[in-house]
Amino acid sequence: FDLLHAGHVGLLQNARRIGDCLIVCVNSDASVGRLKGPGRPINPVADRIRVLSGLGCVDAVAVFDEDTPEPLLRRLRPDVWVKGGDYSADALPETAVLRDWGGQALVLPYLDGRSTTELARRAALGPHTPTPVSYT
């Protein structure tokens with residue numbers, strides 16, 4: 001959730017509908033840097049927390065410093081862990097952790113055409129003039 005976009009908001013709204021409350025687990029700045037490389041995160045963790053906390057569908061935000069949220073999940077012990085993406089829940093490393101207490105992992109699809117990397121790339125290019133479209 002480095003640059004919050006429509007795909008993120010849709011995922012969070014759908015995740016909130018699944019359970020009684022939504023706690024969003026957010027990578028710390030150090031964790032994002034290790035996973036995404038130089039230049040990331042674009043927004044520091046305090047800003048990411050503030051933006052996420054401002055969404056009506058988010059009940060709380062928790063930060064983790066590890067490369068995966070497994071230690072945080074062991075503390076929170078959610079009934080349902082929702083992840084966005086295009087892979088199966090069985091392929092998630094968190095799935096085995098959740099099974100320890102009877103929790104389950106769900107994967108919800110992303111909104112096509114939305115990505116933080118693409119959004120950052122477009123922002124770096126600056127304003128552009130849209131290609132005119134003619135309707136005949």
# chains A, B, ... in the order shown; residues from 1 in each chain; ligands from 1

$ select_by_dssp --residues "chain A" --states "alpha helix (DSSP H)" --output "ChimeraX atom specification"
/A:6-18,29-36,45-53,70-76,94-99,116-125

$ closest_atom_pairs --of "segment 71-127 of chain A" --to "segment 15-21 of chain A" --cutoff "10 Å" --atoms "only C-alpha atoms" --output "JSON lines"
{"residue": "A:Pro78", "atom": "CA", "partner": "A:Gly19", "partner_atom": "CA", "distance": 9.6}
{"residue": "A:Asp79", "atom": "CA", "partner": "A:Gly19", "partner_atom": "CA", "distance": 8.3}
{"residue": "A:Val80", "atom": "CA", "partner": "A:Gly19", "partner_atom": "CA", "distance": 7.3}
{"residue": "A:Trp81", "atom": "CA", "partner": "A:Ala15", "partner_atom": "CA", "distance": 8.8}
{"residue": "A:Val82", "atom": "CA", "partner": "A:Ala15", "partner_atom": "CA", "distance": 6.3}
{"residue": "A:Lys83", "atom": "CA", "partner": "A:Ala15", "partner_atom": "CA", "distance": 8.6}
{"residue": "A:Gly84", "atom": "CA", "partner": "A:Ala15", "partner_atom": "CA", "distance": 9.3}
{"residue": "A:Leu106", "atom": "CA", "partner": "A:Ala15", "partner_atom": "CA", "distance": 9.2}
{"residue": "A:Val107", "atom": "CA", "partner": "A:Ala15", "partner_atom": "CA", "distance": 9.6}
{"residue": "A:Leu108", "atom": "CA", "partner": "A:Ala15", "partner_atom": "CA", "distance": 8.0}

$ atom_distance --atom1 "atom CA of Asp90 of chain A" --atom2 "atom CA of Leu73 of chain A"
16.3 Å

$ atom_distance --atom1 "atom CA of Ser31 of chain A" --atom2 "atom CA of Glu66 of chain A"
6.0 Å

$ atom_distance --atom1 "atom CA of Leu52 of chain A" --atom2 "atom CA of Leu4 of chain A"
8.2 Å

$ residues_around --residues "Ala30 of chain A" --least-positions-apart "5" --cutoff "12 Å" --atoms "only C-alpha atoms" --output "list in words"
Leu35, Lys36, Gly37, Pro38, Gly39, Arg40, Pro41, Pro44, Val45, Val63, Phe64, Asp65, Glu66 and Asp67 of chain A

$ write_last_selection --atoms "all heavy atoms" --output "CSV table (one decimal), in the first residue's frame"
chain,number,residue,atom,x,y,z
A,35,LEU,N,12.4,-5.8,0.1
A,35,LEU,CA,11.6,-6.6,-0.8
A,35,LEU,C,11.5,-5.9,-2.2
A,35,LEU,O,11.5,-6.6,-3.2
A,35,LEU,CB,10.2,-6.8,-0.3
A,35,LEU,CG,10.1,-7.6,1.0
A,35,LEU,CD1,8.6,-7.6,1.6
A,35,LEU,CD2,10.4,-9.1,0.7
A,36,LYS,N,11.4,-4.6,-2.2
A,36,LYS,CA,11.1,-3.8,-3.4
A,36,LYS,C,12.4,-3.2,-4.0
A,36,LYS,O,12.4,-2.8,-5.2
A,36,LYS,CB,10.1,-2.8,-3.2
A,36,LYS,CG,8.7,-3.3,-2.8
A,36,LYS,CD,8.1,-4.1,-3.9
A,36,LYS,CE,6.7,-4.5,-3.5
A,36,LYS,NZ,5.9,-5.1,-4.6
A,37,GLY,N,13.4,-3.0,-3.2
A,37,GLY,CA,14.7,-2.4,-3.7
A,37,GLY,C,14.8,-0.9,-3.5
A,37,GLY,O,13.9,-0.3,-2.8
A,38,PRO,N,15.8,-0.3,-4.0
A,38,PRO,CA,16.1,1.1,-3.8
A,38,PRO,C,15.0,2.0,-4.3
A,38,PRO,O,14.3,1.7,-5.3
A,38,PRO,CB,17.4,1.4,-4.7
A,38,PRO,CG,17.9,0.0,-4.9
A,38,PRO,CD,16.8,-1.0,-4.9
A,39,GLY,N,14.7,3.1,-3.5
A,39,GLY,CA,13.7,4.0,-3.9
A,39,GLY,C,12.3,3.7,-3.3
A,39,GLY,O,11.4,4.4,-3.5
A,40,ARG,N,12.2,2.5,-2.7
A,40,ARG,CA,11.0,2.2,-2.1
A,40,ARG,C,11.2,2.0,-0.6
A,40,ARG,O,12.2,1.6,-0.2
A,40,ARG,CB,10.5,0.8,-2.7
A,40,ARG,CG,10.1,0.9,-4.2
A,40,ARG,CD,8.9,1.7,-4.5
A,40,ARG,NE,7.6,1.1,-4.0
A,40,ARG,CZ,7.0,0.1,-4.7
A,40,ARG,NH1,7.4,-0.3,-5.8
A,40,ARG,NH2,5.9,-0.3,-4.1
A,41,PRO,N,10.2,2.3,0.2
A,41,PRO,CA,8.9,2.8,-0.2
A,41,PRO,C,8.9,4.3,-0.6
A,41,PRO,O,9.9,5.0,-0.3
A,41,PRO,CB,8.1,2.7,1.1
A,41,PRO,CG,9.1,2.9,2.2
A,41,PRO,CD,10.3,2.2,1.7
A,44,PRO,N,6.7,7.0,3.5
A,44,PRO,CA,7.1,6.4,4.8
A,44,PRO,C,5.9,5.8,5.5
A,44,PRO,O,4.8,6.1,5.3
A,44,PRO,CB,7.7,7.6,5.6
A,44,PRO,CG,7.1,8.8,5.0
A,44,PRO,CD,6.8,8.5,3.6
A,45,VAL,N,6.3,4.8,6.4
A,45,VAL,CA,5.3,4.0,7.0
A,45,VAL,C,4.2,4.9,7.8
A,45,VAL,O,3.1,4.6,7.8
A,45,VAL,CB,5.9,2.9,7.9
A,45,VAL,CG1,6.5,3.5,9.2
A,45,VAL,CG2,4.9,1.9,8.3
A,63,VAL,N,2.0,-2.9,11.9
A,63,VAL,CA,3.3,-2.8,11.1
A,63,VAL,C,4.1,-4.0,11.5
A,63,VAL,O,4.2,-4.4,12.6
A,63,VAL,CB,4.0,-1.5,11.3
A,63,VAL,CG1,5.3,-1.5,10.6
A,63,VAL,CG2,3.2,-0.3,11.0
A,64,PHE,N,4.8,-4.6,10.5
A,64,PHE,CA,5.7,-5.7,10.7
A,64,PHE,C,7.0,-5.4,10.0
A,64,PHE,O,7.0,-4.8,8.9
A,64,PHE,CB,5.2,-7.1,10.3
A,64,PHE,CG,4.9,-7.2,8.9
A,64,PHE,CD1,5.8,-7.8,8.0
A,64,PHE,CD2,3.7,-6.8,8.3
A,64,PHE,CE1,5.5,-8.0,6.7
A,64,PHE,CE2,3.4,-7.0,7.0
A,64,PHE,CZ,4.3,-7.6,6.2
A,65,ASP,N,8.1,-5.8,10.6
A,65,ASP,CA,9.5,-5.4,10.1
A,65,ASP,C,10.1,-6.6,9.3
A,65,ASP,O,11.1,-6.5,8.6
A,65,ASP,CB,10.4,-5.0,11.2
A,65,ASP,CG,11.7,-4.3,10.7
A,65,ASP,OD1,11.6,-3.5,9.8
A,65,ASP,OD2,12.7,-4.6,11.2
A,66,GLU,N,9.5,-7.8,9.5
A,66,GLU,CA,10.1,-9.0,8.8
A,66,GLU,C,9.7,-9.0,7.3
A,66,GLU,O,8.9,-8.1,6.9
A,66,GLU,CB,9.5,-10.2,9.5
A,66,GLU,CG,9.9,-10.4,10.9
A,66,GLU,CD,9.0,-9.6,11.9
A,66,GLU,OE1,7.9,-9.1,11.4
A,66,GLU,OE2,9.3,-9.4,13.0
A,67,ASP,N,10.3,-9.9,6.6
A,67,ASP,CA,9.9,-10.0,5.1
A,67,ASP,C,8.6,-10.6,4.9
A,67,ASP,O,8.0,-10.4,3.8
A,67,ASP,CB,11.0,-10.8,4.4
A,67,ASP,CG,12.3,-10.0,4.4
A,67,ASP,OD1,12.4,-8.8,4.6
A,67,ASP,OD2,13.4,-10.6,4.1

$ closest_residue --among "A:Asp47, A:Asp2, A:Asp86, A:Val61" --to "Val24 of chain A" --atoms "only C-alpha atoms"
A:Val61

$ select_by_dssp --residues "chain A" --states "strand (DSSP E)" --output "PDB file with all heavy atoms, in the first residue's frame"
ATOM      1  N   ILE A  23      -7.953  -5.637   9.947  1.00  0.00           N
ATOM      2  CA  ILE A  23      -6.654  -5.152  10.396  1.00  0.00           C
ATOM      3  C   ILE A  23      -5.707  -5.305   9.221  1.00  0.00           C
ATOM      4  O   ILE A  23      -5.490  -6.411   8.729  1.00  0.00           O
ATOM      5  CB  ILE A  23      -6.135  -5.960  11.606  1.00  0.00           C
ATOM      6  CG1 ILE A  23      -7.125  -5.868  12.761  1.00  0.00           C
ATOM      7  CG2 ILE A  23      -4.741  -5.458  12.009  1.00  0.00           C
ATOM      8  CD1 ILE A  23      -6.798  -6.793  13.928  1.00  0.00           C
ATOM      9  N   VAL A  24      -5.170  -4.194   8.752  1.00  0.00           N
ATOM     10  CA  VAL A  24      -4.268  -4.213   7.606  1.00  0.00           C
ATOM     11  C   VAL A  24      -2.841  -4.342   8.132  1.00  0.00           C
ATOM     12  O   VAL A  24      -2.408  -3.537   8.958  1.00  0.00           O
ATOM     13  CB  VAL A  24      -4.418  -2.944   6.749  1.00  0.00           C
ATOM     14  CG1 VAL A  24      -3.450  -2.965   5.568  1.00  0.00           C
ATOM     15  CG2 VAL A  24      -5.857  -2.809   6.252  1.00  0.00           C
ATOM     16  N   CYS A  25      -2.135  -5.346   7.659  1.00  0.00           N
ATOM     17  CA  CYS A  25      -0.742  -5.561   8.031  1.00  0.00           C
ATOM     18  C   CYS A  25       0.149  -4.875   6.996  1.00  0.00           C
ATOM     19  O   CYS A  25       0.040  -5.168   5.804  1.00  0.00           O
ATOM     20  CB  CYS A  25      -0.429  -7.051   8.094  1.00  0.00           C
ATOM     21  SG  CYS A  25      -1.430  -7.926   9.310  1.00  0.00           S
ATOM     22  N   VAL A  26       1.007  -3.973   7.457  1.00  0.00           N
ATOM     23  CA  VAL A  26       1.817  -3.143   6.577  1.00  0.00           C
ATOM     24  C   VAL A  26       3.301  -3.402   6.843  1.00  0.00           C
ATOM     25  O   VAL A  26       3.738  -3.408   7.989  1.00  0.00           O
ATOM     26  CB  VAL A  26       1.497  -1.647   6.827  1.00  0.00           C
ATOM     27  CG1 VAL A  26       2.386  -0.748   6.001  1.00  0.00           C
ATOM     28  CG2 VAL A  26       0.038  -1.362   6.537  1.00  0.00           C
ATOM     29  N   ASN A  27       4.057  -3.583   5.766  1.00  0.00           N
ATOM     30  CA  ASN A  27       5.510  -3.714   5.891  1.00  0.00           C
ATOM     31  C   ASN A  27       6.118  -2.415   6.400  1.00  0.00           C
ATOM     32  O   ASN A  27       5.724  -1.339   5.962  1.00  0.00           O
ATOM     33  CB  ASN A  27       6.157  -4.017   4.530  1.00  0.00           C
ATOM     34  CG  ASN A  27       5.723  -5.326   3.939  1.00  0.00           C
ATOM     35  OD1 ASN A  27       4.604  -5.445   3.464  1.00  0.00           O
ATOM     36  ND2 ASN A  27       6.615  -6.292   3.935  1.00  0.00           N
ATOM     37  N   ALA A  60      -8.026  -1.138  11.813  1.00  0.00           N
ATOM     38  CA  ALA A  60      -6.727  -0.938  12.458  1.00  0.00           C
ATOM     39  C   ALA A  60      -5.620  -1.260  11.471  1.00  0.00           C
ATOM     40  O   ALA A  60      -5.839  -1.957  10.473  1.00  0.00           O
ATOM     41  CB  ALA A  60      -6.599  -1.829  13.697  1.00  0.00           C
ATOM     42  N   VAL A  61      -4.424  -0.757  11.755  1.00  0.00           N
ATOM     43  CA  VAL A  61      -3.245  -1.023  10.936  1.00  0.00           C
ATOM     44  C   VAL A  61      -2.148  -1.521  11.869  1.00  0.00           C
ATOM     45  O   VAL A  61      -1.933  -0.946  12.936  1.00  0.00           O
ATOM     46  CB  VAL A  61      -2.771   0.239  10.185  1.00  0.00           C
ATOM     47  CG1 VAL A  61      -1.522  -0.049   9.363  1.00  0.00           C
ATOM     48  CG2 VAL A  61      -3.885   0.787   9.293  1.00  0.00           C
ATOM     49  N   ALA A  62      -1.472  -2.590  11.477  1.00  0.00           N
ATOM     50  CA  ALA A  62      -0.358  -3.149  12.250  1.00  0.00           C
ATOM     51  C   ALA A  62       0.861  -3.225  11.341  1.00  0.00           C
ATOM     52  O   ALA A  62       0.754  -3.610  10.176  1.00  0.00           O
ATOM     53  CB  ALA A  62      -0.715  -4.544  12.772  1.00  0.00           C
ATOM     54  N   VAL A  63       2.019  -2.858  11.864  1.00  0.00           N
ATOM     55  CA  VAL A  63       3.261  -2.822  11.085  1.00  0.00           C
ATOM     56  C   VAL A  63       4.133  -4.010  11.476  1.00  0.00           C
ATOM     57  O   VAL A  63       4.229  -4.366  12.648  1.00  0.00           O
ATOM     58  CB  VAL A  63       4.026  -1.505  11.346  1.00  0.00           C
ATOM     59  CG1 VAL A  63       5.331  -1.472  10.566  1.00  0.00           C
ATOM     60  CG2 VAL A  63       3.158  -0.315  10.983  1.00  0.00           C
ATOM     61  N   PHE A  64       4.773  -4.611  10.459  1.00  0.00           N
ATOM     62  CA  PHE A  64       5.736  -5.676  10.727  1.00  0.00           C
ATOM     63  C   PHE A  64       7.040  -5.365  10.012  1.00  0.00           C
ATOM     64  O   PHE A  64       7.048  -4.767   8.943  1.00  0.00           O
ATOM     65  CB  PHE A  64       5.189  -7.052  10.327  1.00  0.00           C
ATOM     66  CG  PHE A  64       4.880  -7.225   8.868  1.00  0.00           C
ATOM     67  CD1 PHE A  64       5.796  -7.816   8.012  1.00  0.00           C
ATOM     68  CD2 PHE A  64       3.666  -6.815   8.346  1.00  0.00           C
ATOM     69  CE1 PHE A  64       5.518  -7.988   6.659  1.00  0.00           C
ATOM     70  CE2 PHE A  64       3.369  -6.982   7.008  1.00  0.00           C
ATOM     71  CZ  PHE A  64       4.298  -7.566   6.159  1.00  0.00           C
ATOM     72  N   VAL A  80      -9.390 -15.211   9.285  1.00  0.00           N
ATOM     73  CA  VAL A  80      -9.231 -15.138   7.831  1.00  0.00           C
ATOM     74  C   VAL A  80      -8.093 -14.169   7.517  1.00  0.00           C
ATOM     75  O   VAL A  80      -8.020 -13.081   8.091  1.00  0.00           O
ATOM     76  CB  VAL A  80     -10.525 -14.655   7.136  1.00  0.00           C
ATOM     77  CG1 VAL A  80     -10.337 -14.590   5.624  1.00  0.00           C
ATOM     78  CG2 VAL A  80     -11.698 -15.553   7.483  1.00  0.00           C
ATOM     79  N   TRP A  81      -7.218 -14.586   6.611  1.00  0.00           N
ATOM     80  CA  TRP A  81      -6.124 -13.753   6.109  1.00  0.00           C
ATOM     81  C   TRP A  81      -6.400 -13.534   4.635  1.00  0.00           C
ATOM     82  O   TRP A  81      -6.517 -14.491   3.864  1.00  0.00           O
ATOM     83  CB  TRP A  81      -4.791 -14.471   6.317  1.00  0.00           C
ATOM     84  CG  TRP A  81      -3.607 -13.903   5.603  1.00  0.00           C
ATOM     85  CD1 TRP A  81      -2.933 -14.479   4.569  1.00  0.00           C
ATOM     86  CD2 TRP A  81      -2.927 -12.681   5.883  1.00  0.00           C
ATOM     87  NE1 TRP A  81      -1.882 -13.680   4.191  1.00  0.00           N
ATOM     88  CE2 TRP A  81      -1.852 -12.562   4.986  1.00  0.00           C
ATOM     89  CE3 TRP A  81      -3.130 -11.659   6.806  1.00  0.00           C
ATOM     90  CZ2 TRP A  81      -0.987 -11.485   4.972  1.00  0.00           C
ATOM     91  CZ3 TRP A  81      -2.272 -10.583   6.806  1.00  0.00           C
ATOM     92  CH2 TRP A  81      -1.205 -10.508   5.897  1.00  0.00           C
ATOM     93  N   VAL A  82      -6.571 -12.282   4.225  1.00  0.00           N
ATOM     94  CA  VAL A  82      -6.877 -11.964   2.840  1.00  0.00           C
ATOM     95  C   VAL A  82      -5.641 -11.361   2.190  1.00  0.00           C
ATOM     96  O   VAL A  82      -5.005 -10.474   2.744  1.00  0.00           O
ATOM     97  CB  VAL A  82      -8.059 -10.983   2.734  1.00  0.00           C
ATOM     98  CG1 VAL A  82      -8.280 -10.555   1.294  1.00  0.00           C
ATOM     99  CG2 VAL A  82      -9.316 -11.599   3.314  1.00  0.00           C
ATOM    100  N   LYS A  83      -5.329 -11.861   1.019  1.00  0.00           N
ATOM    101  CA  LYS A  83      -4.190 -11.371   0.250  1.00  0.00           C
ATOM    102  C   LYS A  83      -4.694 -11.086  -1.157  1.00  0.00           C
ATOM    103  O   LYS A  83      -5.557 -11.793  -1.672  1.00  0.00           O
ATOM    104  CB  LYS A  83      -3.126 -12.476   0.222  1.00  0.00           C
ATOM    105  CG  LYS A  83      -1.827 -12.093  -0.363  1.00  0.00           C
ATOM    106  CD  LYS A  83      -0.879 -11.600   0.694  1.00  0.00           C
ATOM    107  CE  LYS A  83       0.498 -11.510   0.075  1.00  0.00           C
ATOM    108  NZ  LYS A  83       1.398 -10.723   0.828  1.00  0.00           N
ATOM    109  N   GLY A  84      -4.171 -10.046  -1.761  1.00  0.00           N
ATOM    110  CA  GLY A  84      -4.530  -9.744  -3.136  1.00  0.00           C
ATOM    111  C   GLY A  84      -3.516 -10.354  -4.077  1.00  0.00           C
ATOM    112  O   GLY A  84      -2.330 -10.409  -3.775  1.00  0.00           O
ATOM    113  N   GLN A 104      -7.887 -19.447   7.919  1.00  0.00           N
ATOM    114  CA  GLN A 104      -7.798 -19.738   6.483  1.00  0.00           C
ATOM    115  C   GLN A 104      -7.282 -18.534   5.718  1.00  0.00           C
ATOM    116  O   GLN A 104      -7.467 -17.396   6.127  1.00  0.00           O
ATOM    117  CB  GLN A 104      -9.142 -20.177   5.921  1.00  0.00           C
ATOM    118  CG  GLN A 104     -10.202 -19.091   5.931  1.00  0.00           C
ATOM    119  CD  GLN A 104     -11.483 -19.525   5.237  1.00  0.00           C
ATOM    120  OE1 GLN A 104     -11.551 -20.578   4.625  1.00  0.00           O
ATOM    121  NE2 GLN A 104     -12.512 -18.699   5.324  1.00  0.00           N
ATOM    122  N   ALA A 105      -6.642 -18.812   4.610  1.00  0.00           N
ATOM    123  CA  ALA A 105      -6.135 -17.769   3.719  1.00  0.00           C
ATOM    124  C   ALA A 105      -7.038 -17.691   2.496  1.00  0.00           C
ATOM    125  O   ALA A 105      -7.443 -18.716   1.951  1.00  0.00           O
ATOM    126  CB  ALA A 105      -4.706 -18.077   3.298  1.00  0.00           C
ATOM    127  N   LEU A 106      -7.334 -16.472   2.088  1.00  0.00           N
ATOM    128  CA  LEU A 106      -8.109 -16.236   0.872  1.00  0.00           C
ATOM    129  C   LEU A 106      -7.327 -15.293  -0.025  1.00  0.00           C
ATOM    130  O   LEU A 106      -6.693 -14.350   0.453  1.00  0.00           O
ATOM    131  CB  LEU A 106      -9.452 -15.576   1.195  1.00  0.00           C
ATOM    132  CG  LEU A 106     -10.458 -16.350   2.022  1.00  0.00           C
ATOM    133  CD1 LEU A 106     -11.676 -15.486   2.295  1.00  0.00           C
ATOM    134  CD2 LEU A 106     -10.866 -17.625   1.313  1.00  0.00           C
ATOM    135  N   VAL A 107      -7.382 -15.539  -1.317  1.00  0.00           N
ATOM    136  CA  VAL A 107      -6.764 -14.641  -2.285  1.00  0.00           C
ATOM    137  C   VAL A 107      -7.876 -13.988  -3.083  1.00  0.00           C
ATOM    138  O   VAL A 107      -8.715 -14.664  -3.674  1.00  0.00           O
ATOM    139  CB  VAL A 107      -5.794 -15.402  -3.226  1.00  0.00           C
ATOM    140  CG1 VAL A 107      -5.231 -14.459  -4.275  1.00  0.00           C
ATOM    141  CG2 VAL A 107      -4.672 -16.045  -2.427  1.00  0.00           C
ATOM    142  N   LEU A 108      -7.890 -12.655  -3.054  1.00  0.00           N
ATOM    143  CA  LEU A 108      -8.855 -11.891  -3.836  1.00  0.00           C
ATOM    144  C   LEU A 108      -8.130 -11.301  -5.036  1.00  0.00           C
ATOM    145  O   LEU A 108      -6.987 -10.856  -4.918  1.00  0.00           O
ATOM    146  CB  LEU A 108      -9.467 -10.769  -2.993  1.00  0.00           C
ATOM    147  CG  LEU A 108     -10.253 -11.209  -1.764  1.00  0.00           C
ATOM    148  CD1 LEU A 108     -10.802  -9.987  -1.019  1.00  0.00           C
ATOM    149  CD2 LEU A 108     -11.387 -12.149  -2.132  1.00  0.00           C
TER     150      LEU A 108
END

$ closest_residue --among "A:Glu70, A:Tyr110, A:Gly103, A:Leu12" --to "Tyr87 of chain A" --atoms "only C-alpha atoms"
A:Tyr110

$ closest_residue --among "A:Thr68, A:Pro93, A:Leu55, A:Gly10" --to "Ser28 of chain A" --atoms "only C-alpha atoms"
A:Thr68
